[in-house]
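**Q** Sharing data_14.cif below, mmCIF, C-alpha atoms and all ligand atoms:
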data_coords
loop_
_atom_site.label_atom_id
_atom_site.label_comp_id
_atom_site.auth_asym_id
_atom_site.auth_seq_id
_atom_site.Cartn_x
_atom_site.Cartn_y
_atom_site.Cartn_z
CA MET A 26 0.00 0.00 0.00
CA LYS A 27 1.38 3.34 -1.10
CA LYS A 28 -0.02 6.47 0.47
CA GLU A 29 0.41 8.60 -2.65
CA CYS A 30 -0.94 5.99 -5.11
CA ILE A 31 -4.57 6.61 -6.15
CA PHE A 32 -5.29 2.95 -6.84
CA CYS A 33 -4.06 1.97 -3.35
CA ASN A 34 -6.69 4.34 -1.93
CA LEU A 35 -9.95 3.77 -3.80
CA LYS A 36 -11.96 1.49 -1.54
CA LYS A 37 -15.11 3.64 -1.45
CA THR A 38 -16.04 3.05 -5.08
CA TRP A 39 -15.37 -0.69 -5.51
CA ILE A 40 -18.12 -2.43 -7.50
CA TYR A 41 -16.55 -5.91 -7.15
CA ASP A 42 -13.69 -7.58 -5.35
CA ASN A 43 -12.09 -10.96 -4.81
CA ARG A 44 -9.00 -11.98 -2.79
CA VAL A 45 -6.54 -10.26 -5.15
CA PHE A 46 -8.41 -7.72 -7.32
CA TYR A 47 -11.10 -5.08 -7.16
CA THR A 48 -13.04 -3.24 -9.88
CA VAL A 49 -14.16 0.36 -10.25
CA PHE A 50 -15.86 2.25 -13.05
CA ASP A 51 -13.39 4.61 -14.73
CA ILE A 52 -14.07 8.26 -13.81
CA HIS A 53 -12.79 9.32 -17.26
CA PRO A 54 -14.70 6.73 -19.32
CA ALA A 55 -13.88 6.10 -22.97
CA SER A 56 -17.25 4.39 -23.46
CA PRO A 57 -20.32 3.65 -21.32
CA GLY A 58 -19.36 1.04 -18.70
CA HIS A 59 -15.57 1.48 -18.96
CA ALA A 60 -14.16 -0.30 -15.89
CA LEU A 61 -10.77 -1.00 -14.35
CA VAL A 62 -9.65 -4.24 -12.71
CA ILE A 63 -6.95 -3.42 -10.18
CA PRO A 64 -4.86 -5.52 -7.77
CA LYS A 65 -5.50 -4.70 -4.09
CA LYS A 66 -1.77 -4.95 -3.40
CA HIS A 67 0.40 -2.25 -5.00
CA THR A 68 1.60 -3.97 -8.17
CA VAL A 69 3.06 -2.06 -11.12
CA SER A 70 3.17 -4.54 -13.97
CA LEU A 71 1.01 -7.34 -15.28
CA LEU A 72 4.24 -9.34 -15.24
CA ASP A 73 4.56 -8.88 -11.47
CA LEU A 74 1.46 -11.00 -10.84
CA THR A 75 2.26 -14.39 -9.36
CA LYS A 76 1.01 -17.70 -10.75
CA ASP A 77 -1.45 -17.86 -7.87
CA GLU A 78 -2.80 -14.38 -8.58
CA TRP A 79 -3.51 -14.87 -12.30
CA PRO A 80 -6.66 -16.99 -11.90
CA TYR A 81 -8.17 -14.20 -9.80
CA LEU A 82 -7.69 -11.83 -12.73
CA ARG A 83 -9.65 -14.14 -14.98
CA ASP A 84 -12.42 -14.27 -12.42
CA ALA A 85 -12.39 -10.51 -11.88
CA ILE A 86 -12.67 -9.81 -15.63
CA HIS A 87 -15.53 -12.26 -16.01
CA LYS A 88 -17.48 -10.95 -13.01
CA THR A 89 -16.83 -7.34 -14.00
CA ILE A 90 -18.33 -7.91 -17.43
CA ASN A 91 -21.40 -9.46 -15.79
CA ILE A 92 -21.76 -6.35 -13.62
CA ILE A 93 -21.25 -3.97 -16.57
CA GLU A 94 -23.98 -5.76 -18.50
CA LYS A 95 -26.45 -5.29 -15.62
CA THR A 96 -25.59 -1.63 -14.98
CA ASP A 97 -27.86 1.29 -15.79
CA PHE A 98 -25.26 3.69 -17.24
CA VAL A 99 -27.54 6.74 -17.11
CA LYS A 100 -27.94 6.23 -13.35
CA LEU A 101 -24.22 5.48 -12.96
CA TYR A 102 -23.06 8.64 -14.73
CA LYS A 103 -25.67 10.87 -13.08
CA LYS A 104 -24.32 9.65 -9.72
CA MET A 105 -20.73 10.08 -10.87
CA HIS A 106 -21.55 13.62 -11.98
CA GLU A 107 -22.86 14.44 -8.50
CA ALA A 108 -19.81 12.86 -6.83
CA ASN A 109 -17.53 14.94 -9.10
CA PRO A 110 -14.47 12.73 -8.48
CA SER A 111 -11.95 14.78 -10.48
CA LYS A 112 -11.53 18.03 -12.36
CA ARG A 113 -11.73 16.30 -15.76
CA SER A 114 -14.43 13.81 -14.84
CA PRO A 115 -17.52 15.99 -15.55
CA TRP A 116 -16.50 16.43 -19.20
CA PHE A 117 -16.20 12.66 -19.72
CA VAL A 118 -19.37 11.95 -17.78
CA GLN A 119 -21.37 14.42 -19.89
CA LYS A 120 -20.04 12.72 -23.03
CA MET A 121 -21.27 9.37 -21.68
CA LEU A 122 -24.72 10.75 -20.83
CA LYS A 123 -24.99 11.99 -24.43
CA HIS A 124 -23.51 8.78 -25.89
CA LYS A 125 -25.93 7.22 -28.39
CA SER A 126 -25.45 3.78 -26.78
CA VAL A 127 -25.74 4.83 -23.12
CA ARG A 128 -28.98 2.83 -22.83
CA LYS A 129 -27.60 -0.23 -24.62
CA LYS A 130 -25.84 -3.36 -23.45
CA PRO A 131 -22.23 -3.60 -24.71
CA GLU A 132 -21.81 -5.68 -27.87
CA GLY A 133 -18.07 -6.22 -27.53
CA TYR A 134 -15.06 -5.31 -25.39
CA ASN A 135 -11.48 -4.21 -25.67
CA ILE A 136 -9.63 -5.62 -22.68
CA GLY A 137 -6.08 -4.50 -22.17
CA ASN A 138 -3.27 -2.97 -20.24
CA ASN A 139 -0.89 -0.12 -20.97
CA GLU A 140 2.30 -1.94 -20.02
CA GLY A 141 4.88 0.77 -19.36
CA GLU A 142 4.98 4.54 -19.82
CA ILE A 143 5.89 4.22 -23.50
CA ALA A 144 2.66 2.28 -23.97
CA GLY A 145 0.68 5.09 -22.33
CA ARG A 146 0.57 4.14 -18.66
CA THR A 147 0.15 7.18 -16.40
CA VAL A 148 -0.81 5.57 -13.07
CA HIS A 149 1.91 3.13 -12.06
CA HIS A 150 -0.35 0.62 -10.35
CA LEU A 151 -1.65 -2.12 -12.65
CA HIS A 152 -5.16 -1.49 -13.99
CA VAL A 153 -6.60 -3.75 -16.65
CA GLN A 154 -9.01 -1.72 -18.75
CA ILE A 155 -12.33 -3.18 -19.79
CA ILE A 156 -13.71 -0.91 -22.50
CA PRO A 157 -17.18 -1.84 -23.72
CA ARG A 158 -17.83 -1.42 -27.43
CA TYR A 159 -21.01 -0.62 -29.30
CA LYS A 160 -21.98 -1.03 -32.92
CA GLY A 161 -21.10 2.15 -34.80
CA ASP A 162 -19.14 3.77 -31.92
CA VAL A 163 -16.22 4.40 -34.30
CA LYS A 164 -16.27 4.64 -38.09
CA ASN A 165 -14.15 1.55 -38.67
CA PRO A 166 -13.42 -0.71 -35.69
CA THR A 167 -11.16 -3.08 -37.67
CA GLY A 168 -7.96 -3.84 -35.79
CA GLY A 169 -9.28 -2.71 -32.37
CA ILE A 170 -6.38 -2.17 -29.98
CA ARG A 171 -3.94 -2.33 -32.92
CA THR A 172 -5.15 1.19 -33.74
CA VAL A 173 -3.03 2.56 -30.86
CA ILE A 174 -0.61 2.85 -33.80
CA PRO A 175 -3.13 4.42 -36.18
CA GLU A 176 -1.39 3.90 -39.54
CA LEU A 177 -0.88 0.20 -38.87
CA GLY A 178 -4.15 -0.61 -37.15
CA ASN A 179 -6.14 -1.73 -40.18
CA TYR A 180 -4.60 -4.80 -41.83
CA LYS A 181 -7.50 -5.49 -44.19
ZN ZN A 201 -0.79 1.47 -5.64
#
Could I get this structure in the form of structure tokens?
Ligand SMILES: [Zn+2]

**A**
Amino acid sequence: MKKECIFCNLKKTWIYDNRVFYTVFDIHPASPGHALVIPKKHTVSLLDLTKDEWPYLRDAIHKTINIIEKTDFVKLYKKMHEANPSKRSPWFVQKMLKHKSVRKKPEGYNIGNNEGEIAGRTVHHLHVQIIPRYKGDVKNPTGGIRTVIPELGNYK
């Protein structure tokens, strides 16, 4: 546990937890239902997880998706707007409330981790992102997470 680490200090907003991981909804969501699966113990890298911890990640991802699919996102983001958890959060939350699929159930997911600063990690406590996807949310979804390198994302 690190005093200055935000993910070591989030207990109030957990929506799920098991022995090793907990889940929260992202306060800067990229799509309705965007959630983060985070180890309870301060762990930087996915590669720092032990063999015993890995099965708990599988379980956490599975259970988190079940929760996402039962969540009323309008209610969630109205509540998040009231809680006002960060300076930037209201902008993202408004975007979600206006999102054309905010009343829909996700139709797909991008599940991933920014492994290292070069890959885009800004909080140095592991957080596996579960980003729900909706038909038509981007012009051309081909390649998915490959599009982090835009010119080489689409291989078709
Ligand atoms: Zn931490």

**Q** Which of these, A:Asn34, A:Ser70, A:Asn91, A:Asn165, has the shortest distance to A:Glu140 once you count only C-alpha atoms?

**A**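 Closest residue, counting only C-alpha atoms: A:Ser70.
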
**Q** Do you have the atom CA of A:Asn138-atom CA of A:Leu61 distance handy?

**A**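 The value is 9.7 Å.
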
**Q** Write out as a PyMOL selection string each polymer residue whose atoms come within 12 Å of A:Ile40, counting only C-alpha atoms; drop sequence neighbours fewer than 3 positions from it.

**A** chain A and resi 35-37+43+46-51+58+60-63+85+88-93+95-96+101

**Q** For those residues, write C-alpha atoms to a file as an mmCIF file, in the frame of the given file.

**A**
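Output below, filename selection_2.cif:
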data_model
loop_
_atom_site.group_PDB
_atom_site.id
_atom_site.type_symbol
_atom_site.label_atom_id
_atom_site.label_comp_id
_atom_site.auth_asym_id
_atom_site.auth_seq_id
_atom_site.Cartn_x
_atom_site.Cartn_y
_atom_site.Cartn_z
ATOM 1 C CA LEU A 35 -9.950 3.770 -3.800
ATOM 2 C CA LYS A 36 -11.960 1.490 -1.540
ATOM 3 C CA LYS A 37 -15.110 3.640 -1.450
ATOM 4 C CA ASN A 43 -12.090 -10.960 -4.810
ATOM 5 C CA PHE A 46 -8.410 -7.720 -7.320
ATOM 6 C CA TYR A 47 -11.100 -5.080 -7.160
ATOM 7 C CA THR A 48 -13.040 -3.240 -9.880
ATOM 8 C CA VAL A 49 -14.160 0.360 -10.250
ATOM 9 C CA PHE A 50 -15.860 2.250 -13.050
ATOM 10 C CA ASP A 51 -13.390 4.610 -14.730
ATOM 11 C CA GLY A 58 -19.360 1.040 -18.700
ATOM 12 C CA ALA A 60 -14.160 -0.300 -15.890
ATOM 13 C CA LEU A 61 -10.770 -1.000 -14.350
ATOM 14 C CA VAL A 62 -9.650 -4.240 -12.710
ATOM 15 C CA ILE A 63 -6.950 -3.420 -10.180
ATOM 16 C CA ALA A 85 -12.390 -10.510 -11.880
ATOM 17 C CA LYS A 88 -17.480 -10.950 -13.010
ATOM 18 C CA THR A 89 -16.830 -7.340 -14.000
ATOM 19 C CA ILE A 90 -18.330 -7.910 -17.430
ATOM 20 C CA ASN A 91 -21.400 -9.460 -15.790
ATOM 21 C CA ILE A 92 -21.760 -6.350 -13.620
ATOM 22 C CA ILE A 93 -21.250 -3.970 -16.570
ATOM 23 C CA LYS A 95 -26.450 -5.290 -15.620
ATOM 24 C CA THR A 96 -25.590 -1.630 -14.980
ATOM 25 C CA LEU A 101 -24.220 5.480 -12.960
#

**Q** If you count all atoms listed in the file, which residues end up within 7 Å of ligand ZN 201 (chain A), as a list in words?

**A**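 Written in the requested form, the residues are Met26, Lys27, Cys30, Ile31, Phe32, Cys33, Lys66, His67, Thr68 and His150 of chain A.
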
**Q** Can you measure atom CA of A:Asn139 to atom CA of A:Ser126 for me? One decimal in Å is fine.

**A** 25.5 Å

**Q** Using all atoms listed in the file, which residue out of A:Lys120, A:Lys112, A:Arg128, A:Arg158 lies closest to A:Lys100?

**A**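 Residue with the minimum atom-to-atom distance to A:Lys100: A:Arg128.
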
**Q** Rounded to one decimal place, report the atom CA of A:Tyr102-atom CA of A:Pro64 distance in Å.

**A** 24.1 Å

**Q** Which protein, DNA or RNA residues are at most 12 Å from (-14.6, 12.2, -17.9) in the file's coordinates when you count all atoms listed in the file, listed as a VMD selection string?

**A** chain A and resid 50 to 57 59 102 105 to 106 109 to 122

**Q** Point out the residue among A:Gly145, A:Gly133, A:Pro157, A:Pro80 with the least atom-to-atom distance to A:Phe98, counting all atoms listed in the file.

**A**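 Looking only at the distances to A:Phe98, the closest residue turns out to be A:Pro157.
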
**Q** If we count all atoms listed in the file and set the cut-off at 9 Å, which residues sit around A:Asn135, ignoring sequence neighbours fewer than 4 positions away in its own chain? Please answer as a ChimeraX atom specification.

**A** /A:154-158,169-170
